[in-house]
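J.: Input input-v1.cif, format and content: mmCIF, C-alpha atoms and all ligand atoms.
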```cif
data_final
loop_
_atom_site.label_atom_id
_atom_site.label_comp_id
_atom_site.auth_asym_id
_atom_site.auth_seq_id
_atom_site.Cartn_x
_atom_site.Cartn_y
_atom_site.Cartn_z
CA MET Q 1 132.49 110.46 128.07
CA ASN Q 2 133.97 109.57 124.68
CA THR Q 3 134.36 112.21 122.02
CA LEU Q 4 131.65 111.69 119.46
CA LEU Q 5 132.23 113.10 115.99
CA PHE Q 6 130.26 112.23 112.89
CA ASN Q 7 131.28 112.18 109.29
CA SER Q 8 129.85 115.43 107.92
CA THR Q 9 128.42 113.74 104.82
CA PHE Q 10 125.65 112.35 107.05
CA GLU Q 11 124.48 115.84 107.98
CA GLY Q 12 120.92 116.46 106.90
CA LEU Q 13 120.37 112.86 105.82
CA ALA Q 14 117.50 110.90 107.34
CA PRO Q 15 116.69 107.19 107.07
CA SER Q 16 115.29 106.26 103.67
CA SER Q 17 111.77 107.69 103.51
CA THR Q 18 110.28 104.47 102.12
CA LEU Q 19 111.47 102.49 105.11
CA PHE Q 20 110.45 105.30 107.46
CA ILE Q 21 106.83 105.44 106.23
CA ASN Q 22 106.63 101.66 106.53
CA GLU Q 23 107.73 101.81 110.14
CA THR Q 24 105.26 104.64 110.84
CA VAL Q 25 102.36 102.68 109.36
CA ASN Q 26 103.32 99.53 111.23
CA ARG Q 27 103.39 101.49 114.48
CA LEU Q 28 99.91 102.90 113.81
CA TRP Q 29 98.66 99.42 112.94
CA ARG Q 30 100.07 98.08 116.19
CA GLN Q 31 98.11 100.81 118.00
CA GLY Q 32 94.99 99.40 116.34
CA GLU Q 33 94.48 102.27 113.87
CA GLN Q 34 93.23 101.79 110.34
CA VAL Q 35 95.76 103.10 107.83
CA PHE Q 36 95.68 102.73 104.06
CA HIS Q 37 99.23 101.84 103.24
CA MET Q 38 100.10 103.43 99.93
CA GLY Q 39 103.49 104.50 101.20
CA PHE Q 40 105.59 101.41 100.70
CA GLY Q 41 106.15 99.66 97.40
CA GLU Q 42 106.66 96.07 98.35
CA SER Q 43 105.26 93.24 96.27
CA ARG Q 44 103.54 91.03 98.81
CA PHE Q 45 103.06 87.69 97.10
CA ASP Q 46 104.32 84.46 98.66
CA VAL Q 47 107.69 82.99 97.78
CA GLN Q 48 107.31 80.87 94.65
CA PRO Q 49 107.28 77.19 95.77
CA ARG Q 50 110.29 76.09 93.69
CA LEU Q 51 112.35 78.90 95.20
CA LYS Q 52 111.17 78.11 98.70
CA SER Q 53 112.28 74.49 98.42
CA ALA Q 54 115.55 75.47 96.70
CA LEU Q 55 116.39 77.69 99.66
CA ALA Q 56 115.61 74.85 102.10
CA THR Q 57 117.72 72.43 100.03
CA HIS Q 58 120.69 74.77 100.14
CA ALA Q 59 120.48 75.68 103.83
CA ASP Q 60 123.72 73.75 104.40
CA LYS Q 61 125.74 75.90 101.99
CA LYS Q 62 127.86 77.63 104.56
CA SER Q 63 131.12 78.65 102.92
CA TYR Q 64 131.98 82.06 101.60
CA LEU Q 65 131.53 82.44 97.86
CA PRO Q 66 133.57 84.52 95.40
CA ALA Q 67 132.94 88.23 95.92
CA ARG Q 68 131.63 88.64 92.36
CA GLY Q 69 129.10 85.87 92.92
CA LEU Q 70 128.65 82.11 92.67
CA PRO Q 71 129.99 81.26 89.16
CA GLU Q 72 126.99 79.09 88.30
CA LEU Q 73 124.62 81.89 89.28
CA VAL Q 74 126.67 84.45 87.36
CA SER Q 75 126.45 82.42 84.14
CA THR Q 76 122.73 81.71 84.68
CA VAL Q 77 122.09 85.45 85.12
CA ALA Q 78 124.06 86.25 81.93
CA PHE Q 79 121.94 83.74 80.00
CA TYR Q 80 118.66 84.95 81.54
CA TYR Q 81 119.27 88.63 80.77
CA SER Q 82 120.52 87.79 77.27
CA LYS Q 83 117.27 85.94 76.57
CA LYS Q 84 114.96 88.44 78.22
CA LEU Q 85 116.53 91.60 76.84
CA GLY Q 86 117.46 90.14 73.46
CA LEU Q 87 121.14 90.95 74.00
CA ASP Q 88 124.27 88.92 74.33
CA PHE Q 89 125.78 89.18 77.80
CA LYS Q 90 128.81 87.22 78.98
CA SER Q 91 129.38 85.90 82.48
CA SER Q 92 132.39 88.21 82.79
CA GLN Q 93 129.99 91.18 82.72
CA VAL Q 94 127.86 90.06 85.69
CA LEU Q 95 128.23 90.95 89.35
CA ILE Q 96 125.98 89.72 92.17
CA GLY Q 97 125.35 91.93 95.19
CA PRO Q 98 123.17 92.18 98.31
CA GLY Q 99 120.31 93.94 96.52
CA SER Q 100 120.66 96.32 93.62
CA LYS Q 101 120.73 99.21 96.09
CA SER Q 102 124.22 98.26 97.24
CA LEU Q 103 125.39 97.79 93.66
CA ILE Q 104 124.06 101.22 92.67
CA TYR Q 105 125.87 102.67 95.67
CA GLY Q 106 129.08 100.89 94.65
CA LEU Q 107 128.90 102.20 91.09
CA GLN Q 108 128.28 105.72 92.37
CA MET Q 109 131.23 105.26 94.71
CA ILE Q 110 133.85 104.00 92.30
CA LEU Q 111 133.15 106.58 89.58
CA ASP Q 112 134.29 110.13 90.09
CA ALA Q 113 131.27 111.37 88.19
CA ASP Q 114 128.79 114.20 88.04
CA VAL Q 115 125.43 112.48 88.47
CA PHE Q 116 122.24 113.42 86.58
CA LEU Q 117 118.92 112.27 87.95
CA PRO Q 118 115.45 112.49 86.45
CA SER Q 119 112.91 114.23 88.64
CA PRO Q 120 111.15 112.49 90.10
CA SER Q 121 113.45 109.55 90.65
CA TRP Q 122 113.82 106.78 93.22
CA VAL Q 123 114.44 108.02 96.77
CA SER Q 124 117.92 106.57 97.23
CA TYR Q 125 119.92 107.71 94.17
CA GLY Q 126 120.30 111.31 95.45
CA PRO Q 127 121.04 110.47 99.12
CA GLN Q 128 123.60 107.86 98.00
CA ALA Q 129 125.40 110.54 95.94
CA GLU Q 130 125.22 112.80 98.96
CA LEU Q 131 126.69 110.15 101.28
CA LEU Q 132 129.56 109.81 98.85
CA GLY Q 133 130.06 113.57 98.55
CA ASN Q 134 129.30 113.38 94.80
CA SER Q 135 127.65 116.23 92.96
CA TYR Q 136 124.22 115.43 91.52
CA HIS Q 137 121.60 117.35 89.62
CA TYR Q 138 117.89 116.77 89.12
CA ILE Q 139 116.64 117.22 85.56
CA ARG Q 140 113.48 119.36 85.48
CA SER Q 141 110.30 117.76 84.20
CA SER Q 142 106.57 118.37 84.02
CA PRO Q 143 103.49 116.47 85.21
CA ASP Q 144 101.86 117.48 81.89
CA ASP Q 145 104.19 115.06 80.20
CA ASN Q 146 104.13 112.22 82.79
CA TYR Q 147 107.48 113.65 84.01
CA ARG Q 148 109.16 112.25 80.90
CA LEU Q 149 112.92 112.70 80.87
CA ASP Q 150 113.60 115.81 78.78
CA ILE Q 151 116.85 115.48 76.84
CA GLU Q 152 117.04 119.26 76.34
CA ALA Q 153 116.76 119.84 80.08
CA LEU Q 154 119.42 117.17 80.64
CA ASP Q 155 121.65 118.86 78.08
CA GLU Q 156 121.36 122.23 79.84
CA LEU Q 157 122.78 120.61 82.99
CA VAL Q 158 125.41 118.63 81.10
CA GLN Q 159 126.68 121.82 79.44
CA THR Q 160 127.35 123.42 82.83
CA SER Q 161 129.11 120.35 84.24
CA ASP Q 162 132.89 120.54 84.33
CA LYS Q 163 133.54 116.96 85.47
CA PRO Q 164 134.86 114.83 82.60
CA CYS Q 165 133.09 111.70 83.89
CA LYS Q 166 129.29 111.90 83.80
CA LEU Q 167 126.63 109.44 84.94
CA LEU Q 168 122.94 109.51 84.08
CA ILE Q 169 120.65 107.26 86.13
CA ILE Q 170 117.45 106.14 84.47
CA ASN Q 171 114.76 103.79 85.75
CA SER Q 172 112.19 102.14 83.52
CA PRO Q 173 109.57 101.03 84.53
CA ASN Q 174 109.83 103.92 86.89
CA ASN Q 175 109.44 104.31 90.59
CA PRO Q 176 107.55 106.66 91.37
CA THR Q 177 105.72 107.33 88.09
CA GLY Q 178 105.23 103.81 86.69
CA GLU Q 179 106.28 105.15 83.30
CA VAL Q 180 107.98 102.87 80.78
CA MET Q 181 110.43 104.45 78.33
CA SER Q 182 109.66 103.71 74.68
CA ALA Q 183 112.16 102.17 72.27
CA GLU Q 184 112.25 105.37 70.16
CA PHE Q 185 112.99 107.51 73.20
CA LEU Q 186 115.71 105.16 74.44
CA GLU Q 187 117.34 105.17 71.04
CA GLU Q 188 117.37 108.97 71.03
CA LEU Q 189 118.70 109.10 74.59
CA ALA Q 190 121.39 106.53 73.77
CA ALA Q 191 122.57 108.62 70.82
CA TYR Q 192 122.68 111.73 73.01
CA CYS Q 193 124.68 109.94 75.74
CA ARG Q 194 127.10 108.50 73.22
CA ARG Q 195 127.69 111.93 71.64
CA ASN Q 196 128.24 113.49 75.05
CA ASN Q 197 130.25 110.73 76.63
CA ILE Q 198 127.79 110.00 79.44
CA TRP Q 199 127.59 106.67 81.29
CA VAL Q 200 124.08 105.36 81.87
CA LEU Q 201 123.07 103.41 84.95
CA SER Q 202 119.87 101.76 83.78
CA ASP Q 203 117.90 100.59 86.80
CA GLU Q 204 115.65 97.90 85.32
CA ILE Q 205 114.56 96.28 88.58
CA TYR Q 206 110.87 96.47 87.52
CA PHE Q 207 111.33 95.17 83.99
CA GLU Q 208 109.38 91.98 84.73
CA VAL Q 209 106.50 94.06 86.05
CA CYS Q 210 105.62 95.85 82.79
CA HIS Q 211 101.83 95.79 82.47
CA GLY Q 212 101.85 95.25 78.74
CA GLU Q 213 101.03 98.65 77.23
CA ILE Q 214 104.68 99.28 76.34
CA GLU Q 215 107.31 96.60 75.93
CA HIS Q 216 110.36 96.88 78.13
CA ILE Q 217 113.52 97.63 76.17
CA SER Q 218 116.92 98.13 77.75
CA ILE Q 219 118.95 101.14 76.69
CA ALA Q 220 121.84 98.63 76.59
CA LYS Q 221 120.40 97.57 73.23
CA TYR Q 222 121.34 100.96 71.74
CA TYR Q 223 124.27 101.87 73.97
CA PRO Q 224 125.97 98.64 75.09
CA GLU Q 225 129.36 100.23 75.58
CA GLY Q 226 128.07 102.89 78.02
CA THR Q 227 125.31 101.14 79.98
CA PHE Q 228 125.25 99.41 83.37
CA VAL Q 229 122.10 97.31 83.68
CA LEU Q 230 120.84 96.86 87.25
CA GLY Q 231 118.25 94.39 88.44
CA GLY Q 232 117.43 91.76 91.01
CA LEU Q 233 114.84 89.47 92.54
CA SER Q 234 113.08 91.92 94.83
CA LYS Q 235 110.18 93.10 92.72
CA HIS Q 236 108.90 90.48 90.29
CA LEU Q 237 109.44 87.61 92.74
CA SER Q 238 108.43 89.55 95.86
CA ILE Q 239 111.61 88.56 97.71
CA GLY Q 240 113.19 91.91 98.55
CA GLY Q 241 114.24 90.45 101.88
CA TRP Q 242 116.41 87.86 100.16
CA ARG Q 243 118.66 90.77 99.18
CA LEU Q 244 119.94 89.65 95.82
CA GLY Q 245 120.70 92.13 93.06
CA VAL Q 246 122.66 92.01 89.83
CA ALA Q 247 124.73 94.45 87.80
CA ILE Q 248 125.72 93.85 84.18
CA LEU Q 249 128.62 95.98 83.02
CA PRO Q 250 129.75 96.74 79.46
CA ASP Q 251 131.77 94.12 77.59
CA SER Q 252 134.80 96.33 77.01
CA ASP Q 253 138.15 97.23 78.55
CA GLN Q 254 136.45 100.00 80.47
CA GLY Q 255 133.76 97.57 81.63
CA LYS Q 256 136.50 95.24 82.88
CA GLN Q 257 138.17 98.06 84.80
CA ILE Q 258 134.85 98.94 86.42
CA MET Q 259 134.31 95.27 87.30
CA GLN Q 260 137.73 95.11 88.98
CA LYS Q 261 136.89 98.13 91.14
CA MET Q 262 133.47 96.73 91.97
CA ALA Q 263 135.09 93.43 92.96
CA VAL Q 264 137.35 95.36 95.36
CA PHE Q 265 134.32 97.18 96.77
CA ALA Q 266 132.39 93.91 97.17
CA SER Q 267 135.26 92.03 98.77
CA GLU Q 268 136.01 94.82 101.25
CA THR Q 269 132.39 95.32 102.28
CA TRP Q 270 129.77 92.56 101.94
CA SER Q 271 132.24 89.80 100.87
CA GLY Q 272 129.51 87.94 99.03
CA VAL Q 273 125.76 87.51 99.11
CA SER Q 274 124.53 84.80 101.50
CA SER Q 275 125.44 81.39 100.02
CA PRO Q 276 122.02 79.62 100.33
CA ILE Q 277 120.36 82.63 98.69
CA GLN Q 278 122.77 82.54 95.75
CA TYR Q 279 122.21 78.82 95.21
CA ALA Q 280 118.44 79.27 95.39
CA ALA Q 281 118.63 82.26 93.03
CA ILE Q 282 119.91 79.96 90.27
CA GLU Q 283 116.37 78.53 90.16
CA ALA Q 284 114.92 82.05 89.93
CA TYR Q 285 117.02 82.79 86.85
CA SER Q 286 116.72 79.41 85.10
CA LEU Q 287 113.59 80.27 83.08
CA HIS Q 288 111.59 77.39 84.63
CA ALA Q 289 108.04 77.38 83.25
CA ASP Q 290 106.46 77.42 86.74
CA VAL Q 291 108.55 80.41 87.87
CA GLU Q 292 107.82 82.26 84.61
CA GLN Q 293 104.09 81.58 85.07
CA TYR Q 294 104.23 82.85 88.62
CA VAL Q 295 105.95 86.05 87.57
CA SER Q 296 103.40 86.52 84.81
CA ASP Q 297 100.45 86.04 87.24
CA CYS Q 298 101.90 88.47 89.77
CA ARG Q 299 102.56 90.97 86.98
CA ALA Q 300 98.94 90.66 85.80
CA ILE Q 301 97.56 91.21 89.32
CA HIS Q 302 99.78 94.27 89.85
CA GLY Q 303 98.56 95.59 86.49
CA ILE Q 304 94.87 95.06 87.30
CA ARG Q 305 95.11 96.69 90.72
CA THR Q 306 97.23 99.60 89.54
CA ARG Q 307 94.94 100.34 86.57
CA TYR Q 308 91.86 100.12 88.82
CA ILE Q 309 93.24 102.55 91.41
CA ARG Q 310 94.55 104.89 88.76
CA ALA Q 311 91.22 105.04 86.94
CA ALA Q 312 89.34 105.68 90.20
CA LEU Q 313 91.70 108.52 91.19
CA ASP Q 314 91.39 109.97 87.71
CA THR Q 315 87.59 110.00 88.06
CA LEU Q 316 88.01 111.96 91.29
CA GLY Q 317 89.91 114.64 89.37
CA ILE Q 318 93.40 113.65 90.50
CA ARG Q 319 96.02 113.92 87.78
CA CYS Q 320 97.89 110.61 87.66
CA THR Q 321 100.79 109.29 85.64
CA SER Q 322 99.89 106.56 83.20
CA ALA Q 323 101.54 103.85 85.36
CA GLN Q 324 102.40 101.26 82.72
CA GLY Q 325 104.71 99.25 84.94
CA GLY Q 326 105.63 98.47 88.52
CA PHE Q 327 103.16 99.29 91.28
CA TYR Q 328 103.27 103.05 91.58
CA ILE Q 329 101.30 106.09 90.56
CA ALA Q 330 102.52 109.68 90.85
CA ALA Q 331 99.42 111.72 91.67
CA ASN Q 332 99.54 115.47 91.18
CA PHE Q 333 97.35 118.03 92.99
CA ASP Q 334 98.82 121.26 91.55
CA GLY Q 335 95.40 122.15 90.14
CA TYR Q 336 94.15 122.53 93.73
CA GLN Q 337 96.95 124.76 95.05
CA THR Q 338 94.62 127.57 96.24
CA SER Q 339 92.48 125.23 98.34
CA LEU Q 340 95.56 123.41 99.62
CA LEU Q 341 97.08 126.70 100.77
CA ARG Q 342 93.87 127.48 102.67
CA LEU Q 343 94.42 124.22 104.53
CA ASN Q 344 97.98 125.36 105.23
CA ILE Q 345 99.37 122.71 102.87
CA LYS Q 346 102.36 124.35 101.21
CA THR Q 347 104.56 121.44 100.26
CA SER Q 348 104.10 117.86 99.15
CA ALA Q 349 105.41 116.81 102.59
CA ASP Q 350 102.58 118.86 104.18
CA LEU Q 351 100.12 117.16 101.85
CA ALA Q 352 101.38 113.66 102.72
CA ALA Q 353 101.26 114.50 106.46
CA TYR Q 354 97.72 115.91 106.12
CA LEU Q 355 96.44 112.84 104.32
CA LEU Q 356 97.96 110.55 106.93
CA ASP Q 357 96.61 112.61 109.80
CA LYS Q 358 93.08 113.28 108.55
CA TYR Q 359 92.35 110.42 106.17
CA ARG Q 360 94.78 107.74 107.27
CA ILE Q 361 96.24 107.52 103.78
CA ALA Q 362 99.99 106.82 103.88
CA SER Q 363 101.90 108.09 100.85
CA LEU Q 364 105.26 109.65 100.09
CA PRO Q 365 105.81 113.27 99.10
CA GLY Q 366 107.22 114.07 95.66
CA SER Q 367 109.98 116.09 97.34
CA ASP Q 368 111.50 112.79 98.52
CA PHE Q 369 111.91 111.94 94.84
CA GLY Q 370 113.66 115.15 93.87
CA LEU Q 371 110.60 117.16 92.81
CA PRO Q 372 110.47 120.82 93.95
CA GLU Q 373 108.88 121.05 97.42
CA ASN Q 374 105.92 123.12 96.25
CA THR Q 375 104.99 120.68 93.48
CA GLN Q 376 102.01 118.92 95.00
CA THR Q 377 102.83 115.40 93.90
CA LEU Q 378 102.56 112.21 95.94
CA ARG Q 379 103.80 108.75 95.24
CA LEU Q 380 101.09 106.18 95.78
CA SER Q 381 102.00 102.50 95.93
CA THR Q 382 99.39 100.04 94.78
CA SER Q 383 101.02 96.85 96.05
CA TYR Q 384 100.03 96.86 99.71
CA LEU Q 385 96.30 97.61 99.89
CA ASP Q 386 94.36 94.44 100.68
CA MET Q 387 97.65 92.59 100.94
CA GLU Q 388 98.35 93.69 104.50
CA THR Q 389 98.30 90.34 106.26
CA GLU Q 390 100.37 87.30 105.35
CA PHE Q 391 97.21 85.54 104.08
CA ASP Q 392 95.80 88.28 101.82
CA PRO Q 393 98.27 87.95 98.91
CA GLN Q 394 97.51 84.23 98.55
CA ARG Q 395 93.76 84.94 98.75
CA ILE Q 396 93.98 87.43 95.89
CA PHE Q 397 96.36 85.21 93.93
CA THR Q 398 93.97 82.24 94.25
CA LEU Q 399 90.99 84.36 93.21
CA TYR Q 400 92.91 85.56 90.15
CA LYS Q 401 93.89 81.99 89.23
CA SER Q 402 90.25 80.90 89.51
CA GLY Q 403 89.59 82.92 86.37
CA ILE Q 404 87.47 85.57 88.12
CA ASP Q 405 86.66 88.62 85.97
CA VAL Q 406 88.41 91.89 86.77
CA LYS Q 407 85.24 93.62 88.01
CA SER Q 408 84.56 90.89 90.58
CA LEU Q 409 88.20 90.66 91.58
CA MET Q 410 88.22 94.37 92.29
CA SER Q 411 84.83 94.36 94.05
CA ILE Q 412 84.43 95.77 97.55
CA ASP Q 413 84.18 92.23 98.93
CA ASN Q 414 87.52 91.20 97.51
CA HIS Q 415 89.31 94.56 97.85
CA PRO Q 416 87.72 96.28 100.87
CA ALA Q 417 90.78 98.36 101.84
CA THR Q 418 91.23 99.58 98.28
CA HIS Q 419 87.62 100.77 98.19
CA ALA Q 420 87.94 102.37 101.62
CA ALA Q 421 91.15 104.16 100.57
CA LEU Q 422 89.49 105.46 97.41
CA ASN Q 423 86.56 106.62 99.52
CA ALA Q 424 88.96 108.50 101.76
CA PHE Q 425 90.44 110.16 98.66
CA ALA Q 426 86.89 111.08 97.53
CA GLN Q 427 86.23 112.73 100.90
CA PHE Q 428 89.53 114.60 100.69
CA MET Q 429 88.68 115.84 97.20
CA ASP Q 430 85.26 116.98 98.47
CA THR Q 431 86.98 118.91 101.25
CA ILE Q 432 89.42 120.66 98.96
CA ARG Q 433 86.71 121.49 96.45
CA LYS Q 434 84.66 123.11 99.25
CA THR Q 435 87.63 124.92 100.80
C1 LIG D 1 113.77 101.91 91.52
C2 LIG D 1 114.38 101.01 92.51
N1 LIG D 1 115.66 100.64 92.33
C3 LIG D 1 116.28 99.84 93.21
C4 LIG D 1 115.61 99.35 94.32
C5 LIG D 1 116.39 98.49 95.29
O1 LIG D 1 116.00 97.20 95.23
P1 LIG D 1 116.89 96.02 95.89
O2 LIG D 1 117.99 96.66 96.64
O3 LIG D 1 115.93 95.28 96.74
O4 LIG D 1 117.39 95.23 94.72
C6 LIG D 1 114.29 99.70 94.54
C7 LIG D 1 113.59 99.22 95.75
O5 LIG D 1 112.68 99.79 96.27
C8 LIG D 1 113.64 100.54 93.60
O6 LIG D 1 112.36 100.89 93.75
#
```
In structure tokens, how does this file's structure come out?
Ligand SMILES: Cc1ncc(COP(=O)(O)O)c(C=O)c1O

T.:
Amino acid sequence: MNTLLFNSTFEGLAPSSTLFINETVNRLWRQGEQVFHMGFGESRFDVQPRLKSALATHADKKSYLPARGLPELVSTVAFYYSKKLGLDFKSSQVLIGPGSKSLIYGLQMILDADVFLPSPSWVSYGPQAELLGNSYHYIRSSPDDNYRLDIEALDELVQTSDKPCKLLIINSPNNPTGEVMSAEFLEELAAYCRRNNIWVLSDEIYFEVCHGEIEHISIAKYYPEGTFVLGGLSKHLSIGGWRLGVAILPDSDQGKQIMQKMAVFASETWSGVSSPIQYAAIEAYSLHADVEQYVSDCRAIHGIRTRYIRAALDTLGIRCTSAQGGFYIAANFDGYQTSLLRLNIKTSADLAAYLLDKYRIASLPGSDFGLPENTQTLRLSTSYLDMETEFDPQRIFTLYKSGIDVKSLMSIDNHPATHAALNAFAQFMDTIRKT
């Protein structure tokens, strides 16, 4: 038998919880069970027709491309982000990778930094730091304030950090809260980071899915020299499986040094994103009117569904974040701690397991997002309900395009699973109120 030794950094790490819940739900579905899938945040719409045909057209692109990305795509991305964010990015600042996840990992790898993470924050930032053996700290927050990033709480952690290089990761619109950071707040945060010499990794992957209450602004507007902007095609174009992400680094000597290291990382690992995908992605970033319209329609549908579910949960007495972007709601049950304890629910993981077991509601526990275990918060995704099959997204999209009013769109006939899931939540709330 061969000697089997594992790298100790993997100890205690499990597969990403988002992918795990998706596999669990799919298994239950295969067994014929009804499950309300609020565990996985995947936008389900069809591939936009222009992109579909672009990918077919470029199927014969078979050669390796430069590790930093196809030059024509790189310059198209620079132009697109300049236009959309009202900034002036150069091609030399752009790097293409296999999803923004890998680019975030690369940036965490090449910097020898102390990492500061909002709580809650996306499931992979912390585990990536852990895989790399980097130190990371969650910044405390409160559900009373929609878990807004608290600069004072950040500063307390920064003051105790003895690493000269520091990295703050922010994410707006946010997964799991759906919160969008305001321009005033970003300006204040930028000034703080500049004063304290902190790099900012600004994960803006949901920026095209802002529901309209608050405009998306990039912190790069106020802190260009210290910000890495991250994005990609996965969310607003529903093509996570295409695996194409982008990073835009500062236009400075330091930015160039970071780019060189990232190019080494890219060339020694993934070599380059799949060639047909990169060619097709040029169409996604070319500001074509039909693609823009598609993104705008998908954004509107996500907004309608998220607002509907949020309002219904609110009526049931569940404290929800305001969910102004993306397709997530962080729902907090701390007000029901006594009843939850009577049901032997001590942690958010217990709560998520209970809801799956008794009510067939799949969700993710707040502890997966860096919240303290005994904070009874769940992340609920709004993108999957009634979009389970491959035909549902097109059905809902067509209904929306027919000019149907919101009430009819969200009726039980058109959104049966959503209504059933909300019913299950109502039953759960009845149980905990009686317990
Ligand atoms: C906040 C956030 N950042 C990054 C990603 C990674 O996206 P991708 O690697 O598909 O670009 C996700 C995907 O779930 C996400 O929710």

J.: Taking only residues of chain Q that have an atom at most 7 Å from an atom of ligand LIG 1 (chain D), what is each one's shortest atom pair and its distance in Å to one decimal, using only C-alpha atoms and all ligand atoms, in chain and number order, as a tab-separated table?

T.:
```
residue	atom	partner	partner_atom	distance
Q:Gly41	CA	D:LIG1	O5	6.6
Q:Gly99	CA	D:LIG1	O2	3.6
Q:Ser100	CA	D:LIG1	O4	3.6
Q:Lys101	CA	D:LIG1	O2	3.8
Q:Ser102	CA	D:LIG1	O2	6.5
Q:Trp122	CA	D:LIG1	C1	5.2
Q:Asn171	CA	D:LIG1	C1	6.1
Q:Asn174	CA	D:LIG1	C1	6.4
Q:Asn175	CA	D:LIG1	C1	5.0
Q:Asp203	CA	D:LIG1	N1	6.0
Q:Ile205	CA	D:LIG1	N1	5.9
Q:Gly231	CA	D:LIG1	O4	6.4
Q:Gly232	CA	D:LIG1	O4	5.1
Q:Leu233	CA	D:LIG1	O4	6.7
Q:Ser234	CA	D:LIG1	O3	4.8
Q:Gly240	CA	D:LIG1	O3	4.7
Q:Arg243	CA	D:LIG1	O3	5.8
Q:Leu244	CA	D:LIG1	O4	6.2
Q:Gly245	CA	D:LIG1	O4	4.8
```

J.: I'd like to know which of Q:Asp46, Q:Asp60, Q:Glu152, Q:Asp162 is closest to Ser274 of chain Q, using all atoms listed in the file.

T.: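 With all atoms listed in the file as the atom set, the closest residue is Q:Asp60.
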
J.: Let me make sure I understand: among Q:Leu157, Q:Ala67, Q:Ala323, Q:Val47, which one has the smallest atom-to-atom distance to Gln278 of chain Q if we use all atoms listed in the file?

T.: Q:Ala67

J.: Using Å and a single decimal, report how far atom CA of Tyr354 of chain Q sits from atom CA of Leu340 of chain Q.

T.: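 Spanning atom CA of Leu340 of chain Q to atom CA of Tyr354 of chain Q is a straight-line distance of 10.2 Å.
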
J.: Any idea what's packed within 9 Å of segment 280-291 of chain Q, counting all atoms listed in the file, ignoring anything in its chain fewer than 2 positions away? Could you give it as an MDAnalysis selection string?

T.: chainID Q and resid 48:58 72:74 76:77 79:81 233 237 244 275:278 293:296

J.: Quick one: pull the distance between atom CA of Tyr400 of chain Q and atom CA of Met387 of chain Q, Å, one decimal.

T.: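 Taking atom CA of Tyr400 of chain Q as the start and atom CA of Met387 of chain Q as the end point, the length is 13.7 Å.
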
J.: For segment 369-383 of chain Q, please output as a count of residues only all residues within 8 Å (counting only C-alpha atoms; exclusion window: fewer than 2 positions along the same chain).

T.: 43

J.: Which one of Q:Gln260, Q:Ser63, Q:Thr269, Q:Thr435 sits closest to Leu341 of chain Q if you count all atoms listed in the file?

T.: Q:Thr435

J.: Between Q:Trp242, Q:Ser124, Q:Ser92, Q:Asp314, which one has atoms that come closest to Leu19 of chain Q, using all atoms listed in the file?

T.: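 Between Q:Trp242, Q:Ser124, Q:Ser92, Q:Asp314, the residue approaching Leu19 of chain Q most closely is Q:Ser124.
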
J.: Please identify all polymer residues within 10 Å of Tyr192 of chain Q, counting only C-alpha atoms, omitting same-chain residues fewer than 4 positions from it, and present them as an NGL selection string.

T.: :Q and (151-152 or 154-155 or 186-188 or 196-198)

J.: Need to verify the contact set: Gly255 of chain Q, 12 Å, all atoms listed in the file, exclusion of same-chain residues closer than 6 positions in sequence. Can you return it as a list in words?

T.: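 Skipping anything fewer than 6 positions along the chain leaves Lys90, Ser92, Gln93, Val94, Leu95, Leu107, Trp199, Pro224, Glu225, Gly226, Thr227, Phe228, Val229, Ala247, Ile248, Leu249, Lys261 and Met262 of chain Q.
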
J.: Grab the atom CA of Phe397 of chain Q to atom CA of Tyr308 of chain Q distance for me, in Å with one decimal place.

T.: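 Atom-to-atom, atom CA of Phe397 of chain Q and atom CA of Tyr308 of chain Q are spaced 16.4 Å apart.
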
J.: Which residues come within 12 Å of Leu131 of chain Q, counting all atoms listed in the file, excluding same-chain residues fewer than 2 positions away, as a PyMOL selection string?

T.: chain Q and resi 7-15+105-106+108-109+124-129+133-136

J.: Given the choices Q:Ile318, Q:Ile361, Q:Val180, Q:Ile169, which gets closest to Ala424 of chain Q if the distance is worked out from only C-alpha atoms?

T.: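 Closest to Ala424 of chain Q of all the choices is Q:Ile361.
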
J.: For segment 212-217 of chain Q, where the input has fewer atoms than it should, I would like N, CA and C atoms rebuilt and written as a PDB file, in the frame of the given file.

T.:
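Contents of the output file part16.pdb:
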```
ATOM      1  N   GLY Q 212     102.193  95.708  80.078  1.00  0.00           N
ATOM      2  CA  GLY Q 212     101.850  95.250  78.740  1.00  0.00           C
ATOM      3  C   GLY Q 212     101.556  96.344  77.730  1.00  0.00           C
ATOM      4  N   GLU Q 213     101.315  97.571  78.197  1.00  0.00           N
ATOM      5  CA  GLU Q 213     101.030  98.650  77.230  1.00  0.00           C
ATOM      6  C   GLU Q 213     102.261  98.943  76.385  1.00  0.00           C
ATOM      7  N   ILE Q 214     103.415  98.991  77.042  1.00  0.00           N
ATOM      8  CA  ILE Q 214     104.680  99.280  76.340  1.00  0.00           C
ATOM      9  C   ILE Q 214     105.674  98.187  76.710  1.00  0.00           C
ATOM     10  N   GLU Q 215     106.335  97.671  75.698  1.00  0.00           N
ATOM     11  CA  GLU Q 215     107.310  96.600  75.930  1.00  0.00           C
ATOM     12  C   GLU Q 215     108.561  97.172  76.607  1.00  0.00           C
ATOM     13  N   HIS Q 216     109.122  96.415  77.510  1.00  0.00           N
ATOM     14  CA  HIS Q 216     110.360  96.880  78.130  1.00  0.00           C
ATOM     15  C   HIS Q 216     111.537  96.661  77.177  1.00  0.00           C
ATOM     16  N   ILE Q 217     112.292  97.731  76.968  1.00  0.00           N
ATOM     17  CA  ILE Q 217     113.520  97.630  76.170  1.00  0.00           C
ATOM     18  C   ILE Q 217     114.635  98.191  77.047  1.00  0.00           C
TER      19      ILE Q 217
END
```
